[in-house]
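Let me begin by presenting the structure, written as structure tokens, before commenting on it.
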Amino acid sequence: MLQLTNVGKAYGPPTQPVPVLKDVSFSISRGTFCALVGPSGSGKSTLLNIVGLLDKPDAGQVVLDGVAVDYGSAQQAARLRNAMLGFVFQSFQLLPRLSAWQNVALPLLYRGIPRDRRRAAAIAMLERVGLAERSHHRPTELSGGQRQRVALARALIGEPSLILADEPTGSLDSVTAIEVMELLRHLNRSLNVTILMVTHDRDLAAQCDRQIEFLDGRIVSDRLSLAAATPMSA
Amino acid sequence: MMTAAMPSGAPRRELFAEAFANLYGQGIRSILALLGITVGTASIIAMLNIGNMAQLEALKSFKSMGIDMLQIRAAQTGTGAAGFDRRLVDTLPADDPDVLTAVPLSIGRGQVTAGGVTADVATIAISPAFATLAELPLRTGRPIGEADDCGLVAMVGDGAATKLSAPGARLLPDAKIAIGDYGYTVIGILAPVPNESMNPTDYNDSVFVPFGCSRRIMQSGDPNMALIRLRPDVDSAAVGERVKARLANASSTLTVIDARGLVKAMKAQMGVYTRLLAAIGAVSLLVGGIGVMNVMLMSVMERRREIGLRAAIGATPRDLQLMFLVEAAALALVGGLAGVGLGVGASWFMARAMGWGFAVALYVLPLGTGVAGLVGMVFGIYPAITASRLDPIEALRAE
């Protein structure tokens, strides 16, 4: 469902470009929980941003659900993000002014869905992540793990084909991190949603179906995990 | 997973609800930005409305006689008494097609005594036609009529009657008063009348006597003033010149007061003030608009993460622009509405202070809010564009 072909990206002035991604190609099938690992500066976050249509590749092609992505139009990119992608961030990125359900419902606002239906969908999604009774709380009234679960619900509400998670457990203590990881795994299996997760935690990566390791902008290893031997195919 | 239907933008109605929630969330900062717009709008509204009331007030002073009026005054130039030939006045309507009525008057000033009380008042010698022209309202008694032409009867204005009343005993018809060497009988007392622009003198402070034998108490038997009613919409200045030429004589300088001309001059003067004051209001509105821009730019900078997040979950650049534009417009609109209220309030106080009738020129209400809203939109464009051009990756990393 996701296919990258010869994707390259460099930063800095055109005269002295600093390459961040060099000729990266791989593809992921539907329902895969895939970890991107590597030290900082290895290019994994840049790759996530390119797949997330937040950044443009200098070279190569990205195919999402069989459609080559056109990076030229910000408008088109925004609509594709809304329809096909869900984001989970290390720092949760919840809007402090809004209650949990309002945060979860936000992606549906940009689909023009009326408030009542957004609310119903958000509360149903909060139920899925086990936070139904917290739907009217503000983010500041929630624990770190609860906040990330709200963020997960927000990522899932638009029924995306791909979830992009950037260090989703990076701000959590180890116990909560395990809980969130288990929830991610559960959602991945029950909804058959593809997940691309950036992490530098090898233990977490080992729990995924597949690990792609980056170093200096190149893929240095790509292997299926032993822990997740059961393939989930669509 | 279905991607068949491309998502459309956010529902418009909710944009407003959200804009107000955001502004409310910003508390004092929103109020300060609001204040700029409010003061600007209020000054424009107050100025336009006060100008409008002043104009209505000015027109009111021509109410009873209308604006198709001329007043001719004679001032003394030589040794003889100032004035002009009464017969020339009487024949004006017959000789000049633009003149409907011409009423001769004689105005003097002197000591009047009634029952031991003496007062200095204006004395006006009038023909019966004058009472009709000036619409003098009687409180008691009867007006000066045709039969009184040479009679020793007098009509007393409201203020003059008060001056001539002994304590506890108001001057009433049938009382005897002395003007100069002559004794007159009071036949009528006037109700108070407004002192209008075309009144030759304040009628309240006057004693009226018949014109016929006014030589008894005036300098001469000839009129020193005439009130002329014109046919509507004639060139009043030209008629004034013709009448002046006709009544001219060696012993007097004639002055023509043209009601239409007075109104025109008043309006012109008022127009200058109104425009000047509205310009001051516009400058304050401009300052208010810059305040809105400032607050919105601050808001964009502070909400970079929110902007980044919204972009990530699918807000298009246009959605983001609209969000901030609606916020700026909402800010300005609320400020504008408050400004309209404040401006109307200010003009009410002004009306009270000046003793004017309070009126609201209805056109200023949509004008005020409309202009305020427009200012918000115009000054909101730049911050809105700034927001939509933020790089979502950078924005998400902010702080």
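The chains in the structure tokens are called A, B, ... from first to last as shown; in each chain the residues are counted from 1, and the ligands are counted from 1 in the order shown.
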
Inset, instruction - Determine, counting only C-alpha atoms, which protein, DNA and RNA residues have an atom within 9 Å of an atom of segment 310-315 of chain B; residues of the same chain fewer than 2 positions away are not included. Present the result as number ranges by chain. - result: A: 52-54, 75, 77-83, 85-87, 106-107, 109-111, 154-155; B: 7, 9-10, 305-308, 317-320, 388, 392-393, 396

Keeping N, CA and C atoms, export the residues of the selection given above as an mmCIF file, in the first residue's frame.
data_model
loop_
_atom_site.group_PDB
_atom_site.id
_atom_site.type_symbol
_atom_site.label_atom_id
_atom_site.label_comp_id
_atom_site.auth_asym_id
_atom_site.auth_seq_id
_atom_site.Cartn_x
_atom_site.Cartn_y
_atom_site.Cartn_z
ATOM 1 N N GLY A 52 4.457 11.515 4.971
ATOM 2 C CA GLY A 52 3.328 12.258 5.532
ATOM 3 C C GLY A 52 2.937 13.470 4.723
ATOM 4 N N LEU A 53 3.550 13.681 3.574
ATOM 5 C CA LEU A 53 3.236 14.796 2.670
ATOM 6 C C LEU A 53 3.467 16.151 3.325
ATOM 7 N N LEU A 54 4.334 16.175 4.345
ATOM 8 C CA LEU A 54 4.669 17.444 4.977
ATOM 9 C C LEU A 54 5.949 17.996 4.385
ATOM 10 N N GLN A 75 -2.740 22.239 -1.466
ATOM 11 C CA GLN A 75 -4.160 21.960 -1.273
ATOM 12 C C GLN A 75 -4.430 20.450 -1.397
ATOM 13 N N ALA A 77 -2.211 18.038 -1.194
ATOM 14 C CA ALA A 77 -1.488 17.316 -0.149
ATOM 15 C C ALA A 77 -2.307 17.322 1.140
ATOM 16 N N ALA A 78 -2.895 18.500 1.474
ATOM 17 C CA ALA A 78 -3.690 18.611 2.700
ATOM 18 C C ALA A 78 -4.882 17.652 2.646
ATOM 19 N N ARG A 79 -5.513 17.598 1.490
ATOM 20 C CA ARG A 79 -6.692 16.732 1.390
ATOM 21 C C ARG A 79 -6.320 15.258 1.438
ATOM 22 N N LEU A 80 -5.189 14.911 0.863
ATOM 23 C CA LEU A 80 -4.722 13.529 0.938
ATOM 24 C C LEU A 80 -4.392 13.152 2.383
ATOM 25 N N ARG A 81 -3.724 14.082 3.102
ATOM 26 C CA ARG A 81 -3.402 13.832 4.512
ATOM 27 C C ARG A 81 -4.684 13.574 5.289
ATOM 28 N N ASN A 82 -5.678 14.407 5.019
ATOM 29 C CA ASN A 82 -6.929 14.279 5.750
ATOM 30 C C ASN A 82 -7.621 12.951 5.458
ATOM 31 N N ALA A 83 -7.545 12.516 4.203
ATOM 32 C CA ALA A 83 -8.296 11.330 3.798
ATOM 33 C C ALA A 83 -7.548 10.034 4.111
ATOM 34 N N LEU A 85 -4.154 9.694 5.849
ATOM 35 C CA LEU A 85 -3.086 9.589 6.836
ATOM 36 C C LEU A 85 -3.554 9.974 8.232
ATOM 37 N N GLY A 86 -2.913 9.358 9.227
ATOM 38 C CA GLY A 86 -3.122 9.757 10.608
ATOM 39 C C GLY A 86 -1.763 9.964 11.249
ATOM 40 N N PHE A 87 -1.633 11.050 12.042
ATOM 41 C CA PHE A 87 -0.329 11.353 12.649
ATOM 42 C C PHE A 87 -0.370 11.153 14.155
ATOM 43 N N LEU A 106 -11.240 16.694 15.434
ATOM 44 C CA LEU A 106 -10.695 17.757 14.586
ATOM 45 C C LEU A 106 -10.508 17.376 13.106
ATOM 46 N N PRO A 107 -9.961 16.203 12.777
ATOM 47 C CA PRO A 107 -9.768 15.885 11.356
ATOM 48 C C PRO A 107 -11.088 15.889 10.578
ATOM 49 N N LEU A 109 -13.544 17.859 11.027
ATOM 50 C CA LEU A 109 -13.964 19.243 10.760
ATOM 51 C C LEU A 109 -13.614 19.626 9.332
ATOM 52 N N TYR A 110 -12.428 19.178 8.882
ATOM 53 C CA TYR A 110 -11.976 19.567 7.555
ATOM 54 C C TYR A 110 -12.578 18.704 6.455
ATOM 55 N N ARG A 111 -13.463 17.804 6.858
ATOM 56 C CA ARG A 111 -14.234 17.085 5.849
ATOM 57 C C ARG A 111 -15.632 17.654 5.738
ATOM 58 N N ARG A 154 -7.430 10.431 17.608
ATOM 59 C CA ARG A 154 -7.504 11.474 16.586
ATOM 60 C C ARG A 154 -6.909 10.981 15.266
ATOM 61 N N ALA A 155 -5.815 10.218 15.373
ATOM 62 C CA ALA A 155 -5.168 9.732 14.152
ATOM 63 C C ALA A 155 -6.057 8.730 13.430
ATOM 64 N N PRO B 7 -12.323 15.350 0.752
ATOM 65 C CA PRO B 7 -12.972 16.129 1.810
ATOM 66 C C PRO B 7 -13.129 17.594 1.416
ATOM 67 N N GLY B 9 -14.042 21.668 2.708
ATOM 68 C CA GLY B 9 -13.559 22.493 3.808
ATOM 69 C C GLY B 9 -14.474 22.412 5.023
ATOM 70 N N ALA B 10 -14.041 23.057 6.088
ATOM 71 C CA ALA B 10 -14.803 23.042 7.332
ATOM 72 C C ALA B 10 -16.121 23.778 7.154
ATOM 73 N N ARG B 305 2.237 25.803 16.686
ATOM 74 C CA ARG B 305 2.055 24.358 16.829
ATOM 75 C C ARG B 305 0.652 23.946 16.410
ATOM 76 N N GLU B 306 -0.318 24.745 16.830
ATOM 77 C CA GLU B 306 -1.708 24.444 16.449
ATOM 78 C C GLU B 306 -1.862 24.483 14.929
ATOM 79 N N ILE B 307 -1.232 25.494 14.317
ATOM 80 C CA ILE B 307 -1.321 25.614 12.861
ATOM 81 C C ILE B 307 -0.683 24.400 12.191
ATOM 82 N N GLY B 308 0.488 24.003 12.723
ATOM 83 C CA GLY B 308 1.175 22.835 12.178
ATOM 84 C C GLY B 308 0.330 21.581 12.311
ATOM 85 N N PRO B 317 -4.247 25.196 3.090
ATOM 86 C CA PRO B 317 -3.820 26.580 3.320
ATOM 87 C C PRO B 317 -5.019 27.531 3.365
ATOM 88 N N ARG B 318 -6.008 27.244 2.526
ATOM 89 C CA ARG B 318 -7.189 28.110 2.512
ATOM 90 C C ARG B 318 -7.981 27.993 3.813
ATOM 91 N N ASP B 319 -8.077 26.786 4.355
ATOM 92 C CA ASP B 319 -8.756 26.592 5.644
ATOM 93 C C ASP B 319 -8.085 27.436 6.722
ATOM 94 N N LEU B 320 -6.736 27.418 6.722
ATOM 95 C CA LEU B 320 -5.989 28.155 7.743
ATOM 96 C C LEU B 320 -6.162 29.657 7.564
ATOM 97 N N SER B 388 -0.961 30.637 6.768
ATOM 98 C CA SER B 388 -1.122 29.568 5.782
ATOM 99 C C SER B 388 0.212 29.204 5.133
ATOM 100 N N PRO B 392 4.626 23.273 8.038
ATOM 101 C CA PRO B 392 4.041 22.487 9.128
ATOM 102 C C PRO B 392 5.078 21.776 9.989
ATOM 103 N N ILE B 393 6.191 21.330 9.372
ATOM 104 C CA ILE B 393 7.202 20.607 10.152
ATOM 105 C C ILE B 393 7.827 21.535 11.190
ATOM 106 N N LEU B 396 5.260 22.506 13.889
ATOM 107 C CA LEU B 396 5.015 21.465 14.901
ATOM 108 C C LEU B 396 6.156 21.401 15.910
#

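In this structure, atom CA of Thr41 of chain B sits 5.9 Å away from atom CA of Gly368 of chain B.
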
Inset, instruction - Any chance you could list, as a VMD selection string, the residues in segment 6-232 of chain A that come up strand (DSSP E or B) when DSSP is run on the backbone? - result: chain A and resid 6 to 11 18 to 28 33 to 37 59 to 64 67 to 68 85 to 88 162 to 166 194 to 198 210 to 215 218 to 224

Any chance you can output those residues with C-alpha atoms as a JSON list (two decimals), in the first residue's frame?
[["chain", "number", "residue", "atom", "x", "y", "z"],
["A", 6, "ASN", "CA", 14.60, 6.01, -5.28],
["A", 7, "VAL", "CA", 13.54, 8.74, -2.89],
["A", 8, "GLY", "CA", 16.24, 11.33, -2.28],
["A", 9, "LYS", "CA", 16.31, 14.48, -0.18],
["A", 10, "ALA", "CA", 18.98, 17.03, 0.62],
["A", 11, "TYR", "CA", 18.98, 20.17, 2.76],
["A", 18, "VAL", "CA", 23.70, 18.04, 2.52],
["A", 19, "PRO", "CA", 22.04, 14.75, 1.56],
["A", 20, "VAL", "CA", 19.66, 13.37, 4.16],
["A", 21, "LEU", "CA", 18.07, 10.55, 2.16],
["A", 22, "LYS", "CA", 19.91, 8.76, -0.60],
["A", 23, "ASP", "CA", 18.06, 6.63, -3.07],
["A", 24, "VAL", "CA", 15.66, 5.04, -0.61],
["A", 25, "SER", "CA", 13.33, 2.35, -1.95],
["A", 26, "PHE", "CA", 11.03, 0.02, -0.07],
["A", 27, "SER", "CA", 7.38, -0.96, 0.02],
["A", 28, "ILE", "CA", 5.02, -1.95, 2.80],
["A", 33, "PHE", "CA", 3.32, -2.51, 11.68],
["A", 34, "CYS", "CA", 6.70, -1.26, 10.55],
["A", 35, "ALA", "CA", 9.41, 0.39, 12.65],
["A", 36, "LEU", "CA", 11.95, 2.85, 11.24],
["A", 37, "VAL", "CA", 15.03, 2.79, 13.43],
["A", 59, "ALA", "CA", 13.98, 12.82, -6.30],
["A", 60, "GLY", "CA", 12.05, 9.60, -6.57],
["A", 61, "GLN", "CA", 8.40, 8.67, -6.23],
["A", 62, "VAL", "CA", 6.00, 7.85, -3.44],
["A", 63, "VAL", "CA", 2.94, 5.73, -4.20],
["A", 64, "LEU", "CA", 0.13, 5.67, -1.64],
["A", 67, "VAL", "CA", -1.64, 6.51, -6.50],
["A", 68, "ALA", "CA", 1.60, 8.41, -7.14],
["A", 85, "LEU", "CA", -3.09, 9.59, 6.84],
["A", 86, "GLY", "CA", -3.12, 9.76, 10.61],
["A", 87, "PHE", "CA", -0.33, 11.35, 12.65],
["A", 88, "VAL", "CA", 0.89, 10.50, 16.14],
["A", 162, "LEU", "CA", -1.63, 4.70, 7.11],
["A", 163, "ILE", "CA", -0.67, 5.88, 10.59],
["A", 164, "LEU", "CA", 2.60, 7.78, 10.88],
["A", 165, "ALA", "CA", 3.95, 7.71, 14.43],
["A", 166, "ASP", "CA", 7.02, 9.74, 15.35],
["A", 194, "THR", "CA", -0.80, 0.12, 8.40],
["A", 195, "ILE", "CA", 1.57, 1.80, 10.87],
["A", 196, "LEU", "CA", 4.92, 3.40, 10.16],
["A", 197, "MET", "CA", 6.64, 4.19, 13.45],
["A", 198, "VAL", "CA", 9.89, 6.08, 13.95],
["A", 210, "ARG", "CA", 9.20, -5.31, 10.37],
["A", 211, "GLN", "CA", 12.20, -3.12, 11.14],
["A", 212, "ILE", "CA", 13.89, -0.89, 8.61],
["A", 213, "GLU", "CA", 17.15, 0.54, 9.86],
["A", 214, "PHE", "CA", 18.61, 3.79, 8.57],
["A", 215, "LEU", "CA", 22.13, 5.09, 8.70],
["A", 218, "ARG", "CA", 20.41, 4.81, 3.49],
["A", 219, "ILE", "CA", 18.63, 1.63, 4.48],
["A", 220, "VAL", "CA", 21.21, -0.59, 6.13],
["A", 221, "SER", "CA", 18.90, -3.41, 7.17],
["A", 222, "ASP", "CA", 15.33, -4.47, 6.56],
["A", 223, "ARG", "CA", 14.06, -7.52, 8.39],
["A", 224, "LEU", "CA", 10.93, -9.12, 9.70]]

Legend entry - Shell of 8 Å around Gly108 of chain B, only C-alpha atoms, local chain residues under 3 positions omitted, as a PyMOL selection string: chain B and resi 122-124+218

Those residues with C-alpha atoms, as an mmCIF file, in the first residue's frame please?
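The resulting file, part.cif, is shown below:
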data_model
loop_
_atom_site.group_PDB
_atom_site.id
_atom_site.type_symbol
_atom_site.label_atom_id
_atom_site.label_comp_id
_atom_site.auth_asym_id
_atom_site.auth_seq_id
_atom_site.Cartn_x
_atom_site.Cartn_y
_atom_site.Cartn_z
ATOM 1 C CA ALA B 122 -38.914 95.019 22.204
ATOM 2 C CA THR B 123 -41.929 96.738 20.683
ATOM 3 C CA ILE B 124 -43.160 95.435 17.375
ATOM 4 C CA MET B 218 -41.967 104.443 17.008
#

Inset, instruction - Write out as a list of chain:residue names each polymer residue whose atoms come within 12 Å of Asn195 of chain B, counting only C-alpha atoms; drop sequence neighbours fewer than 4 positions from it. - result: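 Returned residues: B:Ala58, B:Lys60, B:Ser61, B:Phe62, B:Lys63, B:Ser64, B:Met65, B:Ala134, B:Leu136, B:Gly157, B:Gly159, B:Asn199, B:Pro200, B:Thr201, B:Asp202, B:Tyr203, B:Asn204, B:Asp205, B:Ser206.
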
Inset, instruction - Could you pull out the residues in segment 6-123 of chain A that DSSP calls helix (DSSP H, G or I) from the backbone, as a PyMOL selection string? - result: chain A and resi 44-51+74-84+100-109+115-123

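Each of B:Ile385, B:Glu327, B:Leu309, B:Gln111 was compared to chain A using only C-alpha atoms, and B:Leu309 turns out to be the nearest.
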
Using only C-alpha atoms, which residues sit within 7 Å of Leu190 of chain B once same-chain residues fewer than 5 positions away are excluded, as an mmCIF file with N, CA and C atoms, in the first residue's frame?
data_model
loop_
_atom_site.group_PDB
_atom_site.id
_atom_site.type_symbol
_atom_site.label_atom_id
_atom_site.label_comp_id
_atom_site.auth_asym_id
_atom_site.auth_seq_id
_atom_site.Cartn_x
_atom_site.Cartn_y
_atom_site.Cartn_z
ATOM 1 N N PRO B 137 -48.765 81.694 18.570
ATOM 2 C CA PRO B 137 -49.769 80.976 19.368
ATOM 3 C C PRO B 137 -50.216 81.819 20.565
ATOM 4 N N LEU B 138 -51.544 81.994 20.719
ATOM 5 C CA LEU B 138 -52.081 82.763 21.839
ATOM 6 C C LEU B 138 -52.298 81.860 23.032
ATOM 7 N N ARG B 139 -51.954 82.383 24.216
ATOM 8 C CA ARG B 139 -52.300 81.612 25.415
ATOM 9 C C ARG B 139 -53.690 82.016 25.894
ATOM 10 N N VAL B 156 -48.973 90.648 24.221
ATOM 11 C CA VAL B 156 -47.716 90.574 24.967
ATOM 12 C C VAL B 156 -47.121 89.159 24.855
ATOM 13 N N GLY B 157 -45.828 89.115 24.538
ATOM 14 C CA GLY B 157 -45.125 87.828 24.473
ATOM 15 C C GLY B 157 -44.985 87.200 25.856
ATOM 16 N N ASP B 158 -44.713 85.921 25.877
ATOM 17 C CA ASP B 158 -44.696 85.165 27.136
ATOM 18 C C ASP B 158 -43.686 85.715 28.135
#

Inset, instruction - Using only C-alpha atoms, find the one residue out of B:Leu164, B:Ala330, B:Ile67, B:Ala359 that sits nearest to Glu196 of chain B. - result: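 That would be B:Ile67, the residue with the smallest distance to Glu196 of chain B.
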
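For Ala54 of chain B, the non-local neighbours within 12 Å, defined as residues at least 5 positions apart in the same chain or in other chains and counting only C-alpha atoms, are B:Ala46, B:Met47, B:Leu48, B:Asn49, B:Leu59, B:Lys60, B:Ser61, B:Val263, B:Met266, B:Lys267, B:Gln269, B:Met270, B:Gly271, B:Tyr273, B:Thr274, B:Ser347, B:Met350, B:Ala351, B:Met354, B:Gly355, B:Trp356, B:Gly357, B:Phe358, B:Ala359, B:Val360, B:Ala361.
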
Inset, instruction - Tell me, as a PyMOL selection string, which residues lie within 9 Å of Asn103 of chain A, counting only C-alpha atoms; anything in the same chain fewer than 3 positions away does not count. - result: chain A and resi 94-96+98-100+106-107+122+139+150-151+154

Inset, instruction - Take atom CA of Ile177 of chain B and atom CA of Val112 of chain B and report the distance between them in Å, one decimal. - result: 6.9 Å
